[in-house]
file start-v7.cif (mmCIF, C-alpha atoms)
data_my_file
loop_
_atom_site.group_PDB
_atom_site.id
_atom_site.type_symbol
_atom_site.label_atom_id
_atom_site.label_comp_id
_atom_site.auth_asym_id
_atom_site.auth_seq_id
_atom_site.Cartn_x
_atom_site.Cartn_y
_atom_site.Cartn_z
ATOM 1 C CA MET E 1 0.000 0.000 0.000
ATOM 2 C CA THR E 2 1.208 3.513 -0.782
ATOM 3 C CA THR E 3 0.129 6.654 1.095
ATOM 4 C CA ASP E 4 1.507 9.851 -0.465
ATOM 5 C CA ASN E 5 5.281 9.480 0.038
ATOM 6 C CA ILE E 6 5.006 6.388 2.255
ATOM 7 C CA GLN E 7 4.979 2.778 1.119
ATOM 8 C CA ILE E 8 3.640 0.194 3.574
ATOM 9 C CA LEU E 9 5.100 -3.259 3.060
ATOM 10 C CA GLY E 10 4.867 -6.637 4.770
ATOM 11 C CA THR E 11 1.891 -8.179 6.540
ATOM 12 C CA ASP E 12 -0.614 -7.155 9.181
ATOM 13 C CA GLU E 13 1.594 -8.754 11.852
ATOM 14 C CA HIS E 14 4.895 -7.359 10.570
ATOM 15 C CA GLN E 15 4.583 -4.011 8.814
ATOM 16 C CA ILE E 16 7.395 -2.001 7.283
ATOM 17 C CA TYR E 17 6.828 1.707 6.617
ATOM 18 C CA PHE E 18 9.139 2.978 3.867
ATOM 19 C CA GLY E 19 9.350 6.718 4.391
ATOM 20 C CA ASP E 20 10.194 9.600 6.691
ATOM 21 C CA ALA E 21 9.923 8.754 10.396
ATOM 22 C CA LEU E 22 7.812 11.786 11.349
ATOM 23 C CA GLU E 23 5.344 11.189 8.525
ATOM 24 C CA CYS E 24 5.148 7.448 9.180
ATOM 25 C CA LEU E 25 4.646 7.858 12.926
ATOM 26 C CA SER E 26 1.753 10.198 12.221
ATOM 27 C CA LEU E 27 -0.068 7.361 10.422
ATOM 28 C CA ILE E 28 0.089 4.969 13.370
ATOM 29 C CA THR E 29 -2.901 4.922 15.707
ATOM 30 C CA ASP E 30 -2.358 6.622 19.065
ATOM 31 C CA GLU E 31 -2.032 4.328 22.102
ATOM 32 C CA SER E 32 -1.717 1.211 19.909
ATOM 33 C CA VAL E 33 1.868 0.118 20.636
ATOM 34 C CA ASP E 34 3.080 -1.926 23.612
ATOM 35 C CA LEU E 35 6.828 -1.385 23.296
ATOM 36 C CA ILE E 36 8.980 1.118 21.406
ATOM 37 C CA PHE E 37 12.717 0.825 20.855
ATOM 38 C CA ALA E 38 14.211 3.926 19.232
ATOM 39 C CA ASP E 39 17.800 4.092 18.008
ATOM 40 C CA PRO E 40 17.854 7.321 15.968
ATOM 41 C CA PRO E 41 20.715 8.977 14.089
ATOM 42 C CA TYR E 42 23.125 10.414 16.673
ATOM 43 C CA ASN E 43 24.137 13.613 14.817
ATOM 44 C CA ILE E 44 27.813 12.649 15.004
ATOM 45 C CA GLY E 45 28.631 12.384 11.295
ATOM 46 C CA LYS E 46 28.077 8.694 10.538
ATOM 47 C CA VAL E 47 27.296 7.856 6.911
ATOM 48 C CA PHE E 48 24.170 5.767 6.304
ATOM 49 C CA ALA E 49 23.796 4.461 2.749
ATOM 50 C CA GLY E 50 25.507 7.568 1.406
ATOM 51 C CA LEU E 51 23.740 10.104 3.632
ATOM 52 C CA LYS E 52 25.666 11.826 6.422
ATOM 53 C CA ASP E 53 24.101 11.890 9.875
ATOM 54 C CA LYS E 54 24.700 15.562 10.663
ATOM 55 C CA TRP E 55 22.313 18.457 11.212
ATOM 56 C CA ALA E 56 23.238 22.094 10.578
ATOM 57 C CA THR E 57 23.157 22.856 14.299
ATOM 58 C CA ASP E 58 22.668 20.912 17.518
ATOM 59 C CA GLU E 59 19.460 22.851 18.103
ATOM 60 C CA ASP E 60 18.086 21.695 14.739
ATOM 61 C CA TYR E 61 18.840 18.104 15.693
ATOM 62 C CA LEU E 62 17.174 18.413 19.088
ATOM 63 C CA GLN E 63 14.052 20.076 17.682
ATOM 64 C CA TRP E 64 13.712 17.187 15.236
ATOM 65 C CA CYS E 65 14.215 14.678 18.055
ATOM 66 C CA TYR E 66 11.604 16.312 20.263
ATOM 67 C CA LYS E 67 9.056 15.903 17.462
ATOM 68 C CA TRP E 68 9.546 12.155 17.012
ATOM 69 C CA LEU E 69 9.905 11.576 20.758
ATOM 70 C CA GLN E 70 6.492 13.160 21.339
ATOM 71 C CA LEU E 71 4.979 11.152 18.498
ATOM 72 C CA CYS E 72 6.351 7.948 20.037
ATOM 73 C CA ILE E 73 4.845 8.869 23.394
ATOM 74 C CA ASN E 74 1.480 9.385 21.676
ATOM 75 C CA LYS E 75 1.622 5.930 20.051
ATOM 76 C CA LEU E 76 2.409 4.143 23.302
ATOM 77 C CA LYS E 77 -0.363 2.360 25.187
ATOM 78 C CA PRO E 78 -1.065 3.552 28.753
ATOM 79 C CA ASN E 79 0.850 0.522 30.080
ATOM 80 C CA GLY E 80 3.545 0.662 27.390
ATOM 81 C CA ALA E 81 7.323 0.939 27.633
ATOM 82 C CA PHE E 82 9.748 3.118 25.697
ATOM 83 C CA TYR E 83 13.481 2.430 25.324
ATOM 84 C CA VAL E 84 15.441 5.174 23.600
ATOM 85 C CA MET E 85 19.095 5.580 22.688
ATOM 86 C CA THR E 86 21.220 8.476 21.510
ATOM 87 C CA SER E 87 24.810 9.660 21.831
ATOM 88 C CA THR E 88 26.301 10.490 25.221
ATOM 89 C CA GLN E 89 26.396 14.153 24.116
ATOM 90 C CA PHE E 90 22.639 14.398 23.551
ATOM 91 C CA MET E 91 21.228 11.980 26.110
ATOM 92 C CA PRO E 92 20.952 14.685 28.828
ATOM 93 C CA TYR E 93 18.554 16.631 26.573
ATOM 94 C CA PHE E 94 16.492 13.489 25.905
ATOM 95 C CA ASP E 95 16.419 12.765 29.631
ATOM 96 C CA LEU E 96 15.120 16.232 30.523
ATOM 97 C CA PHE E 97 12.477 16.121 27.786
ATOM 98 C CA LEU E 98 11.207 12.633 28.656
ATOM 99 C CA ARG E 99 11.186 12.950 32.441
ATOM 100 C CA GLU E 100 8.497 15.637 32.105
ATOM 101 C CA ARG E 101 6.268 13.302 30.108
ATOM 102 C CA LEU E 102 7.077 9.761 31.258
ATOM 103 C CA THR E 103 8.567 7.975 34.249
ATOM 104 C CA ILE E 104 12.189 7.023 33.666
ATOM 105 C CA LEU E 105 12.665 3.732 35.509
ATOM 106 C CA SER E 106 16.258 2.983 34.498
ATOM 107 C CA ARG E 107 19.193 4.725 32.907
ATOM 108 C CA LEU E 108 20.948 1.842 31.180
ATOM 109 C CA ILE E 109 24.480 1.518 29.886
ATOM 110 C CA TRP E 110 25.279 -0.733 26.933
ATOM 111 C CA SER E 111 28.956 -1.412 27.524
ATOM 112 C CA TYR E 112 31.306 -2.903 24.936
ATOM 113 C CA ASP E 113 34.968 -3.306 24.090
ATOM 114 C CA SER E 114 36.503 -1.764 20.997
ATOM 115 C CA SER E 115 39.443 -3.050 18.999
ATOM 116 C CA GLY E 116 39.308 -0.143 16.578
ATOM 117 C CA VAL E 117 40.949 3.277 16.661
ATOM 118 C CA GLN E 118 41.154 4.635 20.196
ATOM 119 C CA ALA E 119 41.151 8.242 21.385
ATOM 120 C CA LYS E 120 44.653 9.549 22.106
ATOM 121 C CA LYS E 121 44.023 12.866 23.857
ATOM 122 C CA TYR E 122 40.906 12.076 25.892
ATOM 123 C CA PHE E 123 39.007 9.067 27.283
ATOM 124 C CA GLY E 124 37.247 7.318 24.421
ATOM 125 C CA SER E 125 33.605 6.307 24.670
ATOM 126 C CA MET E 126 33.054 2.618 25.346
ATOM 127 C CA TYR E 127 29.326 2.668 25.990
ATOM 128 C CA GLU E 128 25.991 3.947 24.739
ATOM 129 C CA PRO E 129 23.189 5.141 27.034
ATOM 130 C CA ILE E 130 19.608 3.865 26.960
ATOM 131 C CA LEU E 131 16.590 5.259 28.801
ATOM 132 C CA PHE E 132 13.870 2.851 29.945
ATOM 133 C CA CYS E 133 10.620 4.800 30.361
ATOM 134 C CA VAL E 134 6.971 3.973 31.046
ATOM 135 C CA LYS E 135 3.726 5.933 30.961
ATOM 136 C CA ASP E 136 2.349 4.448 34.179
ATOM 137 C CA LYS E 137 4.893 3.526 36.858
ATOM 138 C CA ASP E 138 2.282 1.339 38.572
ATOM 139 C CA ASN E 139 1.133 -0.576 35.494
ATOM 140 C CA TYR E 140 3.630 -1.811 32.934
ATOM 141 C CA THR E 141 5.053 -5.099 31.657
ATOM 142 C CA PHE E 142 8.278 -6.369 33.172
ATOM 143 C CA ASN E 143 8.926 -10.096 32.742
ATOM 144 C CA ALA E 144 11.723 -10.504 35.257
ATOM 145 C CA ASP E 145 11.812 -14.304 35.057
ATOM 146 C CA ASP E 146 12.463 -14.161 31.301
ATOM 147 C CA ILE E 147 15.693 -12.170 31.578
ATOM 148 C CA LEU E 148 17.442 -13.627 34.625
ATOM 149 C CA VAL E 149 21.229 -13.827 34.508
ATOM 150 C CA GLU E 150 23.784 -15.643 36.603
ATOM 151 C CA ALA E 151 24.324 -14.327 40.136
ATOM 152 C CA LYS E 152 28.006 -15.074 40.577
ATOM 153 C CA THR E 153 27.949 -14.874 44.362
ATOM 154 C CA GLY E 154 25.380 -17.642 44.533
ATOM 155 C CA SER E 155 26.220 -19.789 41.523
ATOM 156 C CA GLN E 156 30.018 -19.654 41.569
ATOM 157 C CA ARG E 157 31.111 -18.822 45.100
ATOM 158 C CA LYS E 158 28.233 -20.720 46.747
ATOM 159 C CA LEU E 159 28.148 -18.373 49.721
ATOM 160 C CA ILE E 160 25.577 -18.631 52.490
ATOM 161 C CA ASP E 161 23.409 -15.695 53.494
ATOM 162 C CA TYR E 162 23.449 -15.843 57.288
ATOM 163 C CA ARG E 163 21.089 -12.867 57.551
ATOM 164 C CA LYS E 164 18.209 -15.200 56.777
ATOM 165 C CA ASN E 165 16.673 -17.512 59.325
ATOM 166 C CA PRO E 166 17.490 -20.243 58.703
ATOM 167 C CA PRO E 167 20.630 -19.352 56.677
ATOM 168 C CA GLN E 168 20.241 -20.045 52.952
ATOM 169 C CA PRO E 169 22.512 -20.073 49.894
ATOM 170 C CA TYR E 170 22.474 -16.916 47.823
ATOM 171 C CA ASN E 171 20.308 -17.028 44.701
ATOM 172 C CA THR E 172 21.992 -18.410 41.608
ATOM 173 C CA GLN E 173 20.113 -16.022 39.281
ATOM 174 C CA LYS E 174 19.191 -12.357 39.377
ATOM 175 C CA ILE E 175 17.628 -9.578 37.333
ATOM 176 C CA PRO E 176 20.331 -7.756 35.312
ATOM 177 C CA GLY E 177 21.600 -4.444 36.640
ATOM 178 C CA ASN E 178 21.715 -1.300 34.547
ATOM 179 C CA VAL E 179 25.106 -2.013 32.911
ATOM 180 C CA TRP E 180 24.736 -4.457 30.030
ATOM 181 C CA ASP E 181 27.861 -5.974 28.527
ATOM 182 C CA PHE E 182 27.122 -7.136 24.981
ATOM 183 C CA ALA E 183 29.678 -7.370 22.193
ATOM 184 C CA ARG E 184 29.284 -4.980 19.281
ATOM 185 C CA VAL E 185 28.223 -6.539 15.981
ATOM 186 C CA ARG E 186 31.246 -7.022 13.756
ATOM 187 C CA TYR E 187 31.851 -8.375 10.306
ATOM 188 C CA ARG E 188 32.046 -12.191 10.139
ATOM 189 C CA MET E 189 29.520 -12.540 12.947
ATOM 190 C CA GLU E 190 26.486 -14.516 11.784
ATOM 191 C CA GLU E 191 24.121 -11.681 12.659
ATOM 192 C CA TYR E 192 26.114 -9.016 10.791
ATOM 193 C CA GLU E 193 24.257 -6.836 8.292
ATOM 194 C CA ASN E 194 25.620 -4.076 6.058
ATOM 195 C CA HIS E 195 24.795 -1.248 8.462
ATOM 196 C CA PRO E 196 27.237 1.028 10.348
ATOM 197 C CA THR E 197 25.472 1.076 13.718
ATOM 198 C CA GLN E 198 23.834 -2.333 13.984
ATOM 199 C CA LYS E 199 22.698 -3.253 17.497
ATOM 200 C CA PRO E 200 23.269 -6.812 18.772
ATOM 201 C CA ILE E 201 20.526 -9.401 18.891
ATOM 202 C CA ALA E 202 21.233 -10.021 22.574
ATOM 203 C CA LEU E 203 20.428 -6.393 23.425
ATOM 204 C CA LEU E 204 17.045 -6.424 21.690
ATOM 205 C CA GLU E 205 16.234 -9.898 22.943
ATOM 206 C CA ARG E 206 16.531 -8.728 26.551
ATOM 207 C CA ILE E 207 14.469 -5.576 25.946
ATOM 208 C CA ILE E 208 11.675 -7.349 24.061
ATOM 209 C CA LYS E 209 11.467 -10.236 26.531
ATOM 210 C CA ALA E 210 11.425 -7.886 29.515
ATOM 211 C CA SER E 211 8.915 -5.320 28.319
ATOM 212 C CA SER E 212 6.438 -7.128 26.068
ATOM 213 C CA ASN E 213 4.429 -10.324 25.828
ATOM 214 C CA GLU E 214 3.623 -12.646 22.944
ATOM 215 C CA GLY E 215 1.228 -10.964 20.542
ATOM 216 C CA ASP E 216 2.212 -7.451 21.643
ATOM 217 C CA VAL E 217 3.115 -4.754 19.115
ATOM 218 C CA VAL E 218 6.755 -3.607 19.024
ATOM 219 C CA LEU E 219 7.626 -0.393 17.171
ATOM 220 C CA ASP E 220 11.035 0.694 15.877
ATOM 221 C CA PRO E 221 10.922 4.150 14.239
ATOM 222 C CA PHE E 222 14.529 3.940 12.932
ATOM 223 C CA SER E 223 14.864 0.320 11.923
ATOM 224 C CA GLY E 224 18.241 0.304 10.132
ATOM 225 C CA SER E 225 19.398 -3.306 10.273
ATOM 226 C CA PHE E 226 15.925 -4.404 11.478
ATOM 227 C CA THR E 227 17.185 -6.279 14.525
ATOM 228 C CA THR E 228 14.151 -5.103 16.509
ATOM 229 C CA GLY E 229 11.636 -6.429 14.001
ATOM 230 C CA PHE E 230 13.636 -9.603 13.524
ATOM 231 C CA MET E 231 13.705 -10.373 17.252
ATOM 232 C CA ALA E 232 10.065 -9.378 17.693
ATOM 233 C CA LYS E 233 9.120 -11.995 15.121
ATOM 234 C CA GLN E 234 11.401 -14.621 16.650
ATOM 235 C CA LEU E 235 9.777 -14.038 20.051
ATOM 236 C CA GLY E 236 6.177 -14.151 18.843
ATOM 237 C CA ARG E 237 5.476 -10.409 18.901
ATOM 238 C CA LYS E 238 4.065 -8.208 16.155
ATOM 239 C CA SER E 239 6.231 -5.451 14.713
ATOM 240 C CA ILE E 240 6.048 -2.074 13.036
ATOM 241 C CA SER E 241 9.327 -0.946 11.468
ATOM 242 C CA ILE E 242 10.017 2.470 9.951
ATOM 243 C CA GLU E 243 12.940 3.144 7.613
ATOM 244 C CA ILE E 244 13.704 5.834 5.030
ATOM 245 C CA GLN E 245 16.652 4.208 3.225
ATOM 246 C CA LYS E 246 15.965 1.745 0.415
ATOM 247 C CA ASP E 247 19.127 -0.269 1.130
ATOM 248 C CA TYR E 248 17.927 -0.934 4.661
ATOM 249 C CA ILE E 249 14.355 -1.650 3.583
ATOM 250 C CA LYS E 250 15.789 -4.536 1.576
ATOM 251 C CA ILE E 251 17.532 -5.846 4.686
ATOM 252 C CA GLY E 252 14.260 -5.688 6.600
ATOM 253 C CA LEU E 253 12.180 -7.482 3.982
ATOM 254 C CA ARG E 254 14.724 -10.280 3.794
ATOM 255 C CA ARG E 255 15.508 -10.511 7.487
ATOM 256 C CA LEU E 256 11.847 -10.681 8.497
ATOM 257 C CA GLY E 257 11.109 -13.179 5.731
ATOM 258 C CA LEU E 258 8.554 -10.873 4.116
ATOM 259 C CA ALA E 259 9.839 -10.976 0.529
ATOM 260 C CA THR E 260 12.475 -12.556 -1.684
ATOM 261 C CA GLU E 261 12.713 -9.578 -4.023
ATOM 262 C CA PHE E 262 12.067 -5.833 -3.995
ATOM 263 C CA ASN E 263 11.453 -3.760 -7.129
ATOM 264 C CA GLY E 264 12.703 -6.671 -9.212
ATOM 265 C CA GLU E 265 15.919 -7.101 -7.187
ATOM 266 C CA GLN E 266 16.652 -10.396 -5.461
ATOM 267 C CA LEU E 267 17.130 -10.021 -1.724
ATOM 268 C CA ILE E 268 20.266 -11.804 -0.563
ATOM 269 C CA LYS E 269 22.535 -11.119 2.353
ATOM 270 C CA GLU E 270 25.417 -8.925 1.253
ATOM 271 C CA GLY E 271 28.971 -10.131 1.639
ATOM 272 C CA LYS E 272 32.230 -8.249 1.754
ATOM 273 C CA THR E 273 34.662 -7.822 -1.111
ATOM 274 C CA THR E 274 38.247 -8.697 -0.225
ATOM 275 C CA LYS E 275 41.343 -8.168 -2.369
ATOM 276 C CA VAL E 276 43.584 -11.259 -2.617
ATOM 277 C CA LYS E 277 46.417 -12.588 -4.782
ATOM 278 C CA ASN E 278 46.234 -15.917 -6.517
ATOM 279 C CA ARG E 279 49.206 -18.269 -6.859
ATOM 280 C CA ASN E 280 50.385 -16.404 -9.960
ATOM 281 C CA GLY E 281 50.523 -13.119 -8.043
ATOM 282 C CA ILE E 282 47.551 -11.658 -9.906
ATOM 283 C CA LYS E 283 45.236 -9.519 -7.786
ATOM 284 C CA ALA E 284 41.626 -10.580 -7.693
ATOM 285 C CA GLN E 285 38.531 -9.909 -5.635
ATOM 286 C CA ILE E 286 36.407 -12.459 -3.854
ATOM 287 C CA VAL E 287 33.116 -11.883 -2.109
ATOM 288 C CA GLU E 288 32.856 -13.418 1.326
ATOM 289 C CA GLN E 289 29.217 -14.280 1.929
ATOM 290 C CA PRO E 290 27.884 -14.789 5.436
ATOM 291 C CA ASN E 291 25.552 -17.757 5.832
ATOM 292 C CA ILE E 292 22.208 -16.757 4.335
ATOM 293 C CA PHE E 293 20.426 -19.965 5.297
ATOM 294 C CA GLY E 294 18.568 -20.632 8.514
ATOM 295 C CA THR E 295 18.592 -17.981 11.205
ATOM 296 C CA ASP E 296 20.733 -14.868 11.282
ATOM 297 C CA PHE E 297 22.141 -15.550 14.727
#
call {"tool": "encode", "arguments": {"input": "start-v7.cif", "output": "structure tokens"}}
result
Amino acid sequence: MTTDNIQILGTDEHQIYFGDALECLSLITDESVDLIFADPPYNIGKVFAGLKDKWATDEDYLQWCYKWLQLCINKLKPNGAFYVMTSTQFMPYFDLFLRERLTILSRLIWSYDSSGVQAKKYFGSMYEPILFCVKDKDNYTFNADDILVEAKTGSQRKLIDYRKNPPQPYNTQKIPGNVWDFARVRYRMEEYENHPTQKPIALLERIIKASSNEGDVVLDPFSGSFTTGFMAKQLGRKSISIEIQKDYIKIGLRRLGLATEFNGEQLIKEGKTTKVKNRNGIKAQIVEQPNIFGTDF
């Protein structure tokens, strides 16, 4: 279906809106979404499919962000949850804006190592912040049992808690804290897609399991590599994905299993071209293709 400049693809359970985020969000019914995960452009100069992520001024960027943040709030059900990311530079502005409209339950840190170029004259950033917000602090979904992690004190050290009567071993599992250590997605990983800021499956799996139930609607207004929609489908949720770039729309259609071609182009997982020399010393190029069969993780 096409609405003005927006093309709606996929199925009733897994919709992809091909168009501008503000325009697409305006088409979605208010208070119809259970969970939103937003990972917008960070305004730090990244290049996405040929377009540079940079606004003329920081104020221009923030005014744009405030518009889509408010639209997301409008789409959220009264008992819904909203997870939002941005750069460390701009998160304070997001925090101030959202705390006046929602309840911020957690300020999360996605922590990761980096083997790339490191800062030499200041402390390089090794994390990205995430806000976990709800509309109603007394009524929201949080499936603690679905996201338990190992409690090292109880499971490894096997200590006894003598404060209890009678004394008991410490629990072997616990709810994760607000620092999440997940590896960044790198080339050669099975889940890798051709996107510069792809978020790991493990990150979205925890968020979707914690803050939604089977059959719930999960919205991602900046879908990119479509990890949110992919994991929503894997976990039995419905999804609405918004994306403005054709190259990433193709990733979404393939990754969610919604189509095998788009505008006459076959949808296959892109590989990486590598320059090599054969035994005669002649340079050649080979394309390394990740596994395109089965799951992507």
call {"tool": "resolve_selection", "arguments": {"input": "start-v7.cif", "expression": "the PyMOL selection byres ((chain E and resi 147) around 7)", "output": "ChimeraX atom specification"}}
result
/E:144-146,148-149,175,206,209-210
call {"tool": "resolve_selection", "arguments": {"input": "start-v7.cif", "expression": "the PyMOL selection byres ((chain E and resi 80) around 9)", "output": "number ranges by chain"}}
result
E: 31, 33-36, 76-79, 81-82, 133-136, 139-141, 211-212
call {"tool": "resolve_selection", "arguments": {"input": "start-v7.cif", "expression": "the PyMOL selection byres ((chain E and resi 14) around 10)", "output": "number ranges by chain"}}
result
E: 9-13, 15-16, 217-219, 229-230, 232-233, 237-241, 253, 256-258
call {"tool": "residues_around", "arguments": {"input": "start-v7.cif", "residues": "region 167-169 of chain E", "least_positions_apart": "2", "cutoff": "10 Å", "atoms": "all atoms listed in the file", "output": "PDB file with C-alpha atoms, in the frame of the given file"}}
result
ATOM      1  CA  THR E 153      27.949 -14.874  44.362  1.00  0.00           C
ATOM      2  CA  GLY E 154      25.380 -17.642  44.533  1.00  0.00           C
ATOM      3  CA  SER E 155      26.220 -19.789  41.523  1.00  0.00           C
ATOM      4  CA  ARG E 157      31.111 -18.822  45.100  1.00  0.00           C
ATOM      5  CA  LYS E 158      28.233 -20.720  46.747  1.00  0.00           C
ATOM      6  CA  LEU E 159      28.148 -18.373  49.721  1.00  0.00           C
ATOM      7  CA  ILE E 160      25.577 -18.631  52.490  1.00  0.00           C
ATOM      8  CA  ASP E 161      23.409 -15.695  53.494  1.00  0.00           C
ATOM      9  CA  TYR E 162      23.449 -15.843  57.288  1.00  0.00           C
ATOM     10  CA  ARG E 163      21.089 -12.867  57.551  1.00  0.00           C
ATOM     11  CA  LYS E 164      18.209 -15.200  56.777  1.00  0.00           C
ATOM     12  CA  ASN E 165      16.673 -17.512  59.325  1.00  0.00           C
ATOM     13  CA  ASN E 171      20.308 -17.028  44.701  1.00  0.00           C
ATOM     14  CA  THR E 172      21.992 -18.410  41.608  1.00  0.00           C
TER      15      THR E 172
END
call {"tool": "atom_distance", "arguments": {"input": "start-v7.cif", "atom1": "CA of Lys199 (chain E)", "atom2": "CA of Asp113 (chain E)"}}
result
13.9 Å
call {"tool": "axis_aligned_box", "arguments": {"input": "start-v7.cif", "around": "region 36-40 of chain E", "padding_each_side": "8 Å", "output": "JSON"}}
result
{"center_x": 13.4, "center_y": 4.1, "center_z": 18.7, "size_x": 24.9, "size_y": 22.5, "size_z": 21.4}
call {"tool": "residues_around", "arguments": {"input": "start-v7.cif", "residues": "Pro196 (chain E)", "least_positions_apart": "5", "cutoff": "9 Å", "atoms": "only C-alpha atoms", "output": "PyMOL selection string"}}
result
chain E and resi 46-48+225
call {"tool": "write_last_selection", "arguments": {"input": "start-v7.cif", "atoms": "C-alpha atoms", "output": "JSON list (two decimals), in the coordinates of the input"}}
result
[["chain", "number", "residue", "atom", "x", "y", "z"],
["E", 46, "LYS", "CA", 28.08, 8.69, 10.54],
["E", 47, "VAL", "CA", 27.30, 7.86, 6.91],
["E", 48, "PHE", "CA", 24.17, 5.77, 6.30],
["E", 225, "SER", "CA", 19.40, -3.31, 10.27]]
call {"tool": "atom_distance", "arguments": {"input": "start-v7.cif", "atom1": "CA of Asp39 (chain E)", "atom2": "CA of Pro221 (chain E)"}}
result
7.8 Å
call {"tool": "closest_residue", "arguments": {"input": "start-v7.cif", "among": "E:Leu69, E:Ile28, E:Val84, E:Ile8", "to": "Ile109 (chain E)", "atoms": "only C-alpha atoms"}}
result
E:Val84
call {"tool": "atom_distance", "arguments": {"input": "start-v7.cif", "atom1": "CA of Asn194 (chain E)", "atom2": "CA of Ala259 (chain E)"}}
result
18.1 Å
